[in-house]
file work.cif (mmCIF, C-alpha atoms)
data_final
loop_
_atom_site.label_atom_id
_atom_site.label_comp_id
_atom_site.auth_asym_id
_atom_site.auth_seq_id
_atom_site.Cartn_x
_atom_site.Cartn_y
_atom_site.Cartn_z
CA MET V 272 46.55 87.50 54.31
CA GLN V 273 44.54 85.92 57.08
CA ASN V 274 44.92 88.26 59.97
CA SER V 275 41.84 87.34 61.93
CA ASP V 276 40.20 84.14 63.04
CA ALA V 277 36.85 85.36 61.83
CA PRO V 278 35.09 82.42 60.23
CA LYS V 279 35.39 82.76 56.49
CA ILE V 280 32.11 81.91 54.88
CA ALA V 281 32.55 80.09 51.62
CA LYS V 282 30.17 81.39 49.00
CA LEU V 283 29.29 78.23 47.08
CA PRO V 284 28.46 76.17 50.19
CA LEU V 285 26.46 79.11 51.50
CA LEU V 286 24.47 79.17 48.27
CA ALA V 287 24.02 75.39 48.53
CA ALA V 288 22.74 75.78 52.10
CA VAL V 289 20.18 78.40 51.04
CA ILE V 290 19.00 76.27 48.13
CA ALA V 291 18.80 73.21 50.37
CA LEU V 292 16.48 75.24 52.60
CA VAL V 293 14.12 75.70 49.64
CA GLY V 294 14.19 71.93 49.13
CA LEU V 295 13.61 71.39 52.83
CA ALA V 296 10.58 73.69 52.89
CA ASP V 297 9.16 71.98 49.79
CA ALA V 298 9.70 68.52 51.25
CA ILE V 299 8.07 69.55 54.54
CA TYR V 300 5.07 70.82 52.62
CA LEU V 301 4.82 67.55 50.69
CA THR V 302 5.22 65.49 53.86
CA VAL V 303 2.39 67.36 55.53
CA LYS V 304 0.24 66.87 52.42
CA HIS V 305 1.04 63.19 52.45
CA LEU V 306 0.32 62.77 56.16
CA SER V 307 -2.88 64.76 56.21
CA GLY V 308 -4.11 63.01 53.10
CA ASP V 309 -5.76 66.04 51.60
CA GLY V 310 -5.32 66.68 47.95
CA VAL V 311 -3.45 69.52 46.47
CA GLN V 312 -5.96 71.13 44.15
CA CYS V 313 -5.66 70.08 40.61
CA THR V 314 -3.24 72.64 39.29
CA ILE V 315 -1.59 73.74 36.08
CA VAL V 316 1.29 71.28 36.06
CA HIS V 317 -1.04 68.55 36.95
CA GLY V 318 -1.35 65.68 39.18
CA CYS V 319 0.14 66.19 42.63
CA GLU V 320 -2.61 64.15 44.11
CA GLN V 321 -2.07 61.50 41.52
CA VAL V 322 1.66 61.45 42.06
CA LEU V 323 1.51 61.60 45.83
CA ASN V 324 -1.11 58.89 46.00
CA SER V 325 0.68 56.60 43.61
CA ASP V 326 2.37 53.43 44.73
CA TYR V 327 5.65 55.17 44.06
CA ALA V 328 5.14 57.84 46.69
CA LYS V 329 6.65 55.51 49.27
CA PHE V 330 10.03 53.91 49.38
CA ALA V 331 10.37 50.92 51.71
CA GLY V 332 7.20 52.09 53.44
CA ILE V 333 8.54 55.57 54.12
CA PRO V 334 6.90 58.49 52.33
CA LEU V 335 9.31 59.88 49.77
CA ALA V 336 8.50 63.38 50.94
CA PHE V 337 9.85 62.48 54.37
CA ILE V 338 13.00 61.03 52.84
CA GLY V 339 13.24 64.38 51.06
CA VAL V 340 13.05 66.23 54.36
CA ALA V 341 15.85 64.10 55.79
CA ALA V 342 17.97 64.47 52.66
CA TYR V 343 17.60 68.24 52.36
CA PHE V 344 18.22 68.71 56.05
CA THR V 345 21.41 66.68 55.78
CA VAL V 346 22.51 68.65 52.72
CA PHE V 347 21.74 71.90 54.51
CA SER V 348 23.78 70.82 57.55
CA LEU V 349 26.74 69.67 55.45
CA ALA V 350 26.64 72.85 53.37
CA THR V 351 26.56 74.98 56.52
CA LEU V 352 29.56 73.11 57.92
CA ALA V 353 31.34 73.49 54.58
CA ALA V 354 30.50 77.18 54.48
CA PHE V 355 32.50 77.51 57.68
CA GLY V 356 35.43 75.70 56.18
CA ASN V 357 34.82 71.99 56.76
CA ARG V 358 36.07 70.40 53.53
CA GLN V 359 35.12 66.91 54.60
CA ALA V 360 31.50 68.03 54.87
CA TRP V 361 31.67 69.31 51.30
CA ASN V 362 32.96 65.94 50.13
CA PHE V 363 30.10 64.13 51.84
CA LEU V 364 27.68 66.66 50.40
CA SER V 365 29.01 66.08 46.89
CA ILE V 366 28.47 62.34 47.17
CA MET V 367 25.05 62.78 48.68
CA VAL V 368 23.89 65.31 46.08
CA GLY V 369 25.14 62.96 43.34
CA MET V 370 22.99 60.15 44.72
CA MET V 371 20.02 62.47 45.15
CA ALA V 372 20.33 63.58 41.52
CA ILE V 373 20.27 59.96 40.34
CA PHE V 374 17.24 59.24 42.51
CA THR V 375 15.56 62.41 41.27
CA GLY V 376 16.17 61.30 37.69
CA TRP V 377 14.37 58.06 38.47
CA LEU V 378 11.46 59.93 40.06
CA LEU V 379 11.16 62.19 37.02
CA TYR V 380 11.10 59.11 34.82
CA LEU V 381 8.30 57.65 36.97
CA GLN V 382 6.30 60.86 36.78
CA GLY V 383 6.77 61.25 33.06
CA PHE V 384 6.42 57.71 31.82
CA VAL V 385 4.82 55.54 34.47
CA ILE V 386 2.38 57.71 36.42
CA GLU V 387 2.09 60.11 33.49
CA ALA V 388 1.48 63.06 35.75
CA PHE V 389 3.72 65.71 37.18
CA CYS V 390 3.48 67.25 40.57
CA GLN V 391 4.80 70.80 40.59
CA PHE V 392 6.13 70.45 44.12
CA CYS V 393 8.05 67.34 43.10
CA LEU V 394 9.36 69.25 40.09
CA LEU V 395 10.52 72.04 42.39
CA SER V 396 12.37 69.45 44.42
CA ALA V 397 13.97 68.12 41.25
CA GLY V 398 14.99 71.67 40.34
CA VAL V 399 16.57 72.12 43.76
CA THR V 400 18.52 68.86 43.53
CA PHE V 401 19.83 69.62 40.06
CA THR V 402 20.81 73.13 41.12
CA LEU V 403 22.73 71.62 44.04
CA LEU V 404 24.38 69.23 41.62
CA GLY V 405 25.34 72.21 39.46
CA ILE V 406 26.92 73.94 42.44
CA VAL V 407 28.86 70.81 43.38
CA ILE V 408 30.13 70.43 39.81
CA VAL V 409 31.14 74.10 39.65
CA SER V 410 32.94 73.81 42.98
CA ARG V 411 34.80 70.69 41.88
CA TYR V 412 35.92 71.83 38.46
CA PHE V 413 36.09 75.59 38.55
CA PHE V 414 37.21 76.45 42.05
CA LYS V 415 40.09 74.87 43.80
CA ARG V 416 39.16 76.54 47.01
CA LEU V 417 35.68 76.84 48.33
CA ALA V 418 36.09 80.31 49.79
CA MET C 923 39.37 87.21 68.02
CA ASN C 924 39.22 90.68 66.56
CA ASN C 925 36.69 93.27 67.56
CA LYS C 926 34.41 92.85 64.58
CA GLN C 927 34.35 89.14 65.10
CA SER C 928 33.52 89.29 68.76
CA PHE C 929 30.87 91.91 68.10
CA ALA C 930 29.20 89.77 65.46
CA PHE C 931 29.27 86.42 67.19
CA GLY C 932 29.65 87.37 70.81
CA PHE C 933 29.95 84.35 72.99
CA LEU C 934 30.05 81.84 70.18
CA SER C 935 33.26 80.30 69.07
CA GLY C 936 33.73 79.76 65.33
CA ALA C 937 33.00 76.04 65.50
CA ALA C 938 29.77 76.49 67.40
CA ILE C 939 28.19 78.79 64.83
CA PRO C 940 27.32 76.15 62.20
CA ALA C 941 26.01 73.86 64.95
CA VAL C 942 23.75 76.61 66.23
CA ILE C 943 22.49 77.42 62.73
CA ILE C 944 21.81 73.76 62.00
CA GLY C 945 20.04 73.31 65.33
CA LEU C 946 17.95 76.39 64.74
CA VAL C 947 16.86 75.19 61.29
CA ALA C 948 16.00 71.78 62.75
CA VAL C 949 13.79 73.38 65.39
CA ILE C 950 12.12 75.68 62.86
CA ALA C 951 11.55 72.71 60.51
CA ILE C 952 9.91 70.65 63.24
CA VAL C 953 7.75 73.51 64.46
CA ALA C 954 6.71 74.32 60.88
CA THR C 955 5.81 70.68 60.20
CA VAL C 956 3.67 70.39 63.31
CA TYR C 957 2.02 73.74 62.67
CA LEU C 958 1.26 72.98 59.01
CA TYR C 959 -0.02 69.54 59.89
CA GLN C 960 -2.39 70.90 62.51
CA THR C 961 -3.61 73.74 60.29
CA SER C 962 -4.15 71.33 57.45
CA ARG C 963 -6.16 68.97 59.67
CA ALA C 964 -8.21 71.86 61.00
CA ASN C 965 -9.06 73.07 57.50
CA THR C 966 -10.03 69.66 56.16
CA PRO C 967 -13.81 69.73 56.01
CA GLY C 968 -14.26 66.61 58.05
CA PRO C 969 -12.56 64.38 60.53
CA VAL C 970 -10.55 61.54 59.14
CA ILE C 971 -12.25 58.40 60.27
CA SER C 972 -11.17 55.10 58.86
CA ASN C 973 -14.53 53.40 58.82
CA ALA C 974 -17.68 54.31 57.06
CA ASN C 975 -20.11 54.45 59.95
CA ALA C 976 -19.55 58.05 60.76
CA SER C 977 -23.02 59.40 60.29
CA ALA C 978 -22.92 62.53 62.36
CA ASN C 979 -19.73 64.24 61.48
CA SER C 980 -19.33 67.76 60.25
CA ASN C 981 -19.34 66.79 56.55
CA THR C 982 -22.70 65.19 56.88
CA LYS C 983 -24.07 68.32 58.46
CA ALA C 984 -22.35 70.48 55.89
CA LEU C 985 -23.78 68.47 53.00
CA LYS C 986 -27.24 68.55 54.58
CA THR C 987 -27.24 72.27 55.06
CA ALA C 988 -25.49 73.03 51.77
CA PRO C 989 -27.38 74.41 48.78
CA PRO C 990 -28.82 71.41 46.91
CA GLY C 991 -26.86 71.79 43.67
CA ALA C 992 -28.44 71.27 40.27
CA GLU C 993 -31.84 69.63 40.45
CA PRO C 994 -32.46 66.96 39.42
CA ALA C 995 -28.85 65.87 39.87
CA TRP C 996 -27.11 63.49 37.46
CA THR C 997 -27.25 60.14 39.17
CA LYS C 998 -26.72 56.48 38.58
CA GLY C 999 -27.97 53.61 40.71
CA ALA C 1000 -31.22 53.21 42.60
CA PRO C 1001 -32.58 56.39 44.25
CA ASN C 1002 -33.09 54.51 47.51
CA ALA C 1003 -29.72 52.72 47.52
CA THR C 1004 -28.11 52.26 50.94
CA VAL C 1005 -24.90 53.81 49.73
CA THR C 1006 -24.62 57.18 48.06
CA LEU C 1007 -21.42 58.48 46.53
CA GLU C 1008 -21.42 62.15 45.69
CA GLU C 1009 -18.53 63.17 43.51
CA PHE C 1010 -17.35 66.73 42.87
CA ALA C 1011 -15.17 66.72 39.80
CA ASP C 1012 -13.67 68.75 37.01
CA PHE C 1013 -13.53 67.07 33.59
CA GLU C 1014 -10.22 68.73 32.80
CA CYS C 1015 -8.53 67.83 36.07
CA PRO C 1016 -6.07 64.99 35.44
CA SER C 1017 -6.59 63.68 38.96
CA CYS C 1018 -10.27 63.31 38.12
CA GLY C 1019 -9.34 61.52 34.91
CA PHE C 1020 -7.02 59.29 36.86
CA PHE C 1021 -9.74 58.55 39.38
CA GLU C 1022 -12.41 57.87 36.76
CA PRO C 1023 -11.57 54.14 36.30
CA THR C 1024 -12.21 53.68 40.02
CA MET C 1025 -15.66 55.23 39.70
CA ARG C 1026 -16.38 53.10 36.64
CA GLU C 1027 -15.37 49.94 38.45
CA ILE C 1028 -17.66 50.84 41.33
CA LYS C 1029 -20.58 51.60 39.01
CA THR C 1030 -20.05 48.28 37.23
CA VAL C 1031 -19.59 46.17 40.34
CA TYR C 1032 -22.38 47.63 42.46
CA GLY C 1033 -24.86 48.77 39.81
CA ASP C 1034 -28.10 49.80 41.45
CA ARG C 1035 -26.86 49.14 44.96
CA VAL C 1036 -24.78 52.31 44.96
CA ARG C 1037 -26.21 55.66 44.01
CA VAL C 1038 -23.63 57.86 42.33
CA ILE C 1039 -24.21 61.60 42.08
CA PHE C 1040 -22.03 63.68 39.81
CA ARG C 1041 -21.47 67.31 40.75
CA GLN C 1042 -19.80 69.80 38.46
CA TYR C 1043 -16.85 71.45 40.09
CA PRO C 1044 -14.87 73.04 37.25
CA LEU C 1045 -11.79 74.91 38.41
CA GLN C 1046 -10.99 78.37 37.09
CA MET C 1047 -7.38 77.40 36.49
CA HIS C 1048 -8.40 74.97 33.76
CA GLN C 1049 -8.94 76.64 30.43
CA HIS C 1050 -11.76 74.45 29.14
CA ALA C 1051 -13.20 73.06 32.36
CA TYR C 1052 -16.31 75.25 32.35
CA ASP C 1053 -17.00 74.51 28.70
CA ALA C 1054 -16.55 70.81 29.35
CA ALA C 1055 -18.97 70.99 32.27
CA ARG C 1056 -21.49 72.83 30.08
CA ALA C 1057 -20.95 70.34 27.26
CA ALA C 1058 -21.89 67.49 29.58
CA GLU C 1059 -24.96 69.46 30.70
CA ALA C 1060 -25.90 70.17 27.08
CA ALA C 1061 -25.62 66.47 26.25
CA GLY C 1062 -27.69 65.81 29.35
CA GLN C 1063 -30.49 67.90 27.90
CA GLN C 1064 -30.64 65.33 25.12
CA GLY C 1065 -30.51 62.48 27.62
CA LYS C 1066 -26.85 61.67 27.19
CA PHE C 1067 -25.14 63.22 30.18
CA TRP C 1068 -23.29 60.08 31.26
CA GLU C 1069 -22.25 59.26 27.71
CA MET C 1070 -20.69 62.72 27.35
CA HIS C 1071 -19.25 62.45 30.84
CA ASP C 1072 -17.46 59.24 29.85
CA MET C 1073 -16.41 60.65 26.50
CA LEU C 1074 -14.88 63.75 28.10
CA TYR C 1075 -12.82 61.62 30.43
CA ASP C 1076 -11.83 59.16 27.72
CA LYS C 1077 -10.62 61.98 25.50
CA GLN C 1078 -9.34 64.20 28.29
CA LYS C 1079 -5.82 64.24 26.95
CA SER C 1080 -6.85 65.41 23.51
CA TRP C 1081 -8.95 68.40 24.55
CA SER C 1082 -7.42 69.49 27.82
CA LYS C 1083 -4.33 70.94 26.22
CA GLU C 1084 -3.79 74.52 25.16
CA MET C 1085 -6.13 75.30 22.35
CA PRO C 1086 -8.13 78.40 21.61
CA ASP C 1087 -11.48 76.68 21.49
CA ALA C 1088 -12.31 73.22 22.77
CA ARG C 1089 -15.94 73.58 21.77
CA LYS C 1090 -15.20 72.27 18.27
CA GLU C 1091 -13.83 69.17 19.89
CA PHE C 1092 -16.92 68.83 22.08
CA GLU C 1093 -19.10 69.28 19.00
CA ASN C 1094 -17.37 66.27 17.47
CA TYR C 1095 -18.12 64.22 20.56
CA ALA C 1096 -21.74 65.32 20.34
CA LYS C 1097 -21.79 64.08 16.73
CA THR C 1098 -20.25 60.78 17.75
CA LEU C 1099 -22.90 60.36 20.42
CA GLY C 1100 -25.60 61.01 17.84
CA LEU C 1101 -26.82 64.24 19.38
CA ASN C 1102 -28.55 67.03 17.55
CA VAL C 1103 -25.47 69.18 17.13
CA ASP C 1104 -27.25 72.53 16.66
CA LYS C 1105 -29.25 72.01 19.80
CA PHE C 1106 -26.12 70.85 21.60
CA ASN C 1107 -24.23 74.01 20.63
CA ASN C 1108 -27.12 76.22 21.69
CA ASP C 1109 -27.54 74.40 24.98
CA LEU C 1110 -23.84 74.56 25.70
CA THR C 1111 -24.01 78.33 25.85
CA GLY C 1112 -27.53 78.40 27.20
CA ASP C 1113 -28.77 79.46 30.61
CA THR C 1114 -29.79 76.00 31.77
CA ALA C 1115 -26.33 74.49 31.46
CA ASN C 1116 -24.79 77.54 33.02
CA SER C 1117 -27.11 77.71 35.99
CA ARG C 1118 -26.83 73.97 36.66
CA VAL C 1119 -23.06 74.18 36.73
CA SER C 1120 -23.23 77.22 39.00
CA ALA C 1121 -25.64 75.45 41.32
CA ASP C 1122 -23.32 72.46 41.70
CA LYS C 1123 -20.38 74.75 42.16
CA LYS C 1124 -22.22 76.65 44.92
CA ARG C 1125 -22.88 73.41 46.74
CA GLY C 1126 -19.20 72.51 46.50
CA ASP C 1127 -18.10 75.95 47.61
CA PHE C 1128 -20.39 75.79 50.62
CA ILE C 1129 -18.73 72.62 51.88
CA SER C 1130 -15.30 74.06 50.99
CA ILE C 1131 -14.18 71.55 48.41
CA ARG C 1132 -10.42 71.64 48.54
CA ALA C 1133 -9.51 69.29 45.76
CA THR C 1134 -10.99 67.61 42.76
CA PRO C 1135 -12.11 64.91 42.77
CA SER C 1136 -13.79 64.98 46.17
CA ILE C 1137 -15.94 62.02 47.05
CA PHE C 1138 -18.52 61.82 49.80
CA LEU C 1139 -19.63 58.39 50.90
CA ASN C 1140 -22.97 58.75 52.64
CA GLY C 1141 -22.05 62.31 53.36
CA ARG C 1142 -18.53 61.73 54.61
CA LEU C 1143 -15.59 63.08 52.67
CA LEU C 1144 -13.16 60.32 51.75
CA THR C 1145 -9.49 60.87 52.32
CA ALA C 1146 -7.01 60.42 49.50
CA ASP C 1147 -6.06 57.00 50.88
CA GLU C 1148 -9.68 55.93 50.99
CA MET C 1149 -10.05 56.80 47.33
CA GLN C 1150 -7.87 53.86 46.33
CA VAL C 1151 -10.18 51.38 44.63
CA THR C 1152 -9.68 48.48 47.07
CA LYS C 1153 -10.15 50.69 50.10
CA MET C 1154 -13.20 52.31 48.57
CA ARG C 1155 -14.79 48.96 47.81
CA GLU C 1156 -14.15 47.85 51.36
CA LEU C 1157 -15.86 50.99 52.68
CA ILE C 1158 -18.79 50.45 50.33
CA GLU C 1159 -19.12 46.78 51.36
CA ASN C 1160 -19.17 47.84 55.02
CA ALA C 1161 -21.75 50.51 54.34
CA LEU C 1162 -23.91 48.06 52.36
CA GLN C 1163 -23.85 45.67 55.31
CA GLY C 1164 -24.83 48.52 57.59
CA LYS C 1165 -21.59 48.44 59.47
#
call {"tool": "encode", "arguments": {"input": "work.cif", "output": "structure tokens"}}
result
Amino acid sequence: MQNSDAPKIAKLPLLAAVIALVGLADAIYLTVKHLSGDGVQCTIVHGCEQVLNSDYAKFAGIPLAFIGVAAYFTVFSLATLAAFGNRQAWNFLSIMVGMMAIFTGWLLYLQGFVIEAFCQFCLLSAGVTFTLLGIVIVSRYFFKRLA
Amino acid sequence: MNNKQSFAFGFLSGAAIPAVIIGLVAVIAIVATVYLYQTSRANTPGPVISNANASANSNTKALKTAPPGAEPAWTKGAPNATVTLEEFADFECPSCGFFEPTMREIKTVYGDRVRVIFRQYPLQMHQHAYDAARAAEAAGQQGKFWEMHDMLYDKQKSWSKEMPDARKEFENYAKTLGLNVDKFNNDLTGDTANSRVSADKKRGDFISIRATPSIFLNGRLLTADEMQVTKMRELIENALQGK
């Protein structure tokens, strides 16, 4: 069937790349908030300030938001490569998203039970990670080919 | 390469496309970060200075030229104390509730040496914030502002949820504090409470409060980092020693 060398763009990795961009934008926003030290106004799902100022907002001295930027950028890059047919990139992405989902689970636990406050931007990030996880799972179990 | 392909991607070979996309996103991400950071710094009411001796920064001027807020203000500590903390807060804001133990520690440790001013800054997005602010004012009219202030924070979780009317809850607090409940209820909806809250709010709006709680130490807005209790105590100690 393949009668051209036009790059085939795989749909699931493309979707993952777009979703990773949402995560990236969110993480950039949170990083800027963290760096500039100004509070997000107290909002409906409360407590960004509380969450971002908590002792848990840093991991090994690095702001979590910045780790988020790095992670989402990596996921975006891998997804883009996979969208153009690089299977190895998709494998790396699957492992990475799996680890991110575990880490996100831990962060949700901290917000819910330790800090007892939720930050909507952190929740958005959690949503993004779990959506990525969903895409990875779908790609692994329901599609043999990515394209 | 077929015609469509070469039209769409021109000089790029298939392998280069993802690299270009990734590079482009990296550049956009960096530019966006720098831009947002600079905008956010520019919009912050005052410069971030890590010591407390900044007497002539823009916050100080802003606070001096701002409308005075409710008069007399609710204060604790000696009127002529070297250090003044002016707090803008919303009783329903969880961040304010979270920050409250810090303020209590400071009030306990420094007593008269630090003058604490409480300013009402209820946010529209909180269902009962205005009522809570007015409840504290109403209690204040019976000489129990700080008692109600503490009560509202202590019980924040029980009244700040979705409920049609938090005033019943506030009425119970008034009872607990031994207030005249009829007077309390009248005052809660009265003009005095309302205009005092508005006056504080105007003062906050003038200096462009961006988050609750906002704390000014001798007129300088503290950063989120400086609002950690140890850091805040250090700043207060320095200010007390005239540093």
call {"tool": "resolve_selection", "arguments": {"input": "work.cif", "expression": "the PyMOL selection byres ((chain V and resi 334) around 12)", "output": "MDAnalysis selection string"}}
result
chainID V and resid 298:299 301:306 308 322:333 335:341
call {"tool": "atom_distance", "arguments": {"input": "work.cif", "atom1": "atom CA of C:Asn1140", "atom2": "atom CA of C:Ala1115"}}
result
26.6 Å
call {"tool": "resolve_selection", "arguments": {"input": "work.cif", "expression": "the PyMOL selection byres ((chain C and resi 947-957) around 8)", "output": "ChimeraX atom specification"}}
result
/V:296,299-300,303,344 /C:943-946,958-961
call {"tool": "write_last_selection", "arguments": {"input": "work.cif", "atoms": "C-alpha atoms", "output": "short mmCIF file (atom, residue, chain, number, x, y, z; two decimals), in the frame of the given file"}}
result
data_model
loop_
_atom_site.label_atom_id
_atom_site.label_comp_id
_atom_site.auth_asym_id
_atom_site.auth_seq_id
_atom_site.Cartn_x
_atom_site.Cartn_y
_atom_site.Cartn_z
CA ALA V 296 10.58 73.69 52.89
CA ILE V 299 8.07 69.55 54.54
CA TYR V 300 5.07 70.82 52.62
CA VAL V 303 2.39 67.36 55.53
CA PHE V 344 18.22 68.71 56.05
CA ILE C 943 22.49 77.42 62.73
CA ILE C 944 21.81 73.76 62.00
CA GLY C 945 20.04 73.31 65.33
CA LEU C 946 17.95 76.39 64.74
CA LEU C 958 1.26 72.98 59.01
CA TYR C 959 -0.02 69.54 59.89
CA GLN C 960 -2.39 70.90 62.51
CA THR C 961 -3.61 73.74 60.29
#
call {"tool": "resolve_selection", "arguments": {"input": "work.cif", "expression": "the PyMOL selection byres ((chain V and resi 402-409) around 7)", "output": "list in words"}}
result
Leu283, Ala287, Ser365, Val368, Gly369, Ala372, Gly398, Val399, Thr400, Phe401, Ser410, Arg411, Tyr412, Phe413 and Phe414 of chain V
call {"tool": "residues_around", "arguments": {"input": "work.cif", "residues": "V:Ala353", "least_positions_apart": "6", "cutoff": "7 Å", "atoms": "only C-alpha atoms", "output": "list in words"}}
result
Pro284, Ala360 and Trp361 of chain V
call {"tool": "atom_distance", "arguments": {"input": "work.cif", "atom1": "atom CA of V:Arg358", "atom2": "atom CA of V:Trp377"}}
result
29.2 Å
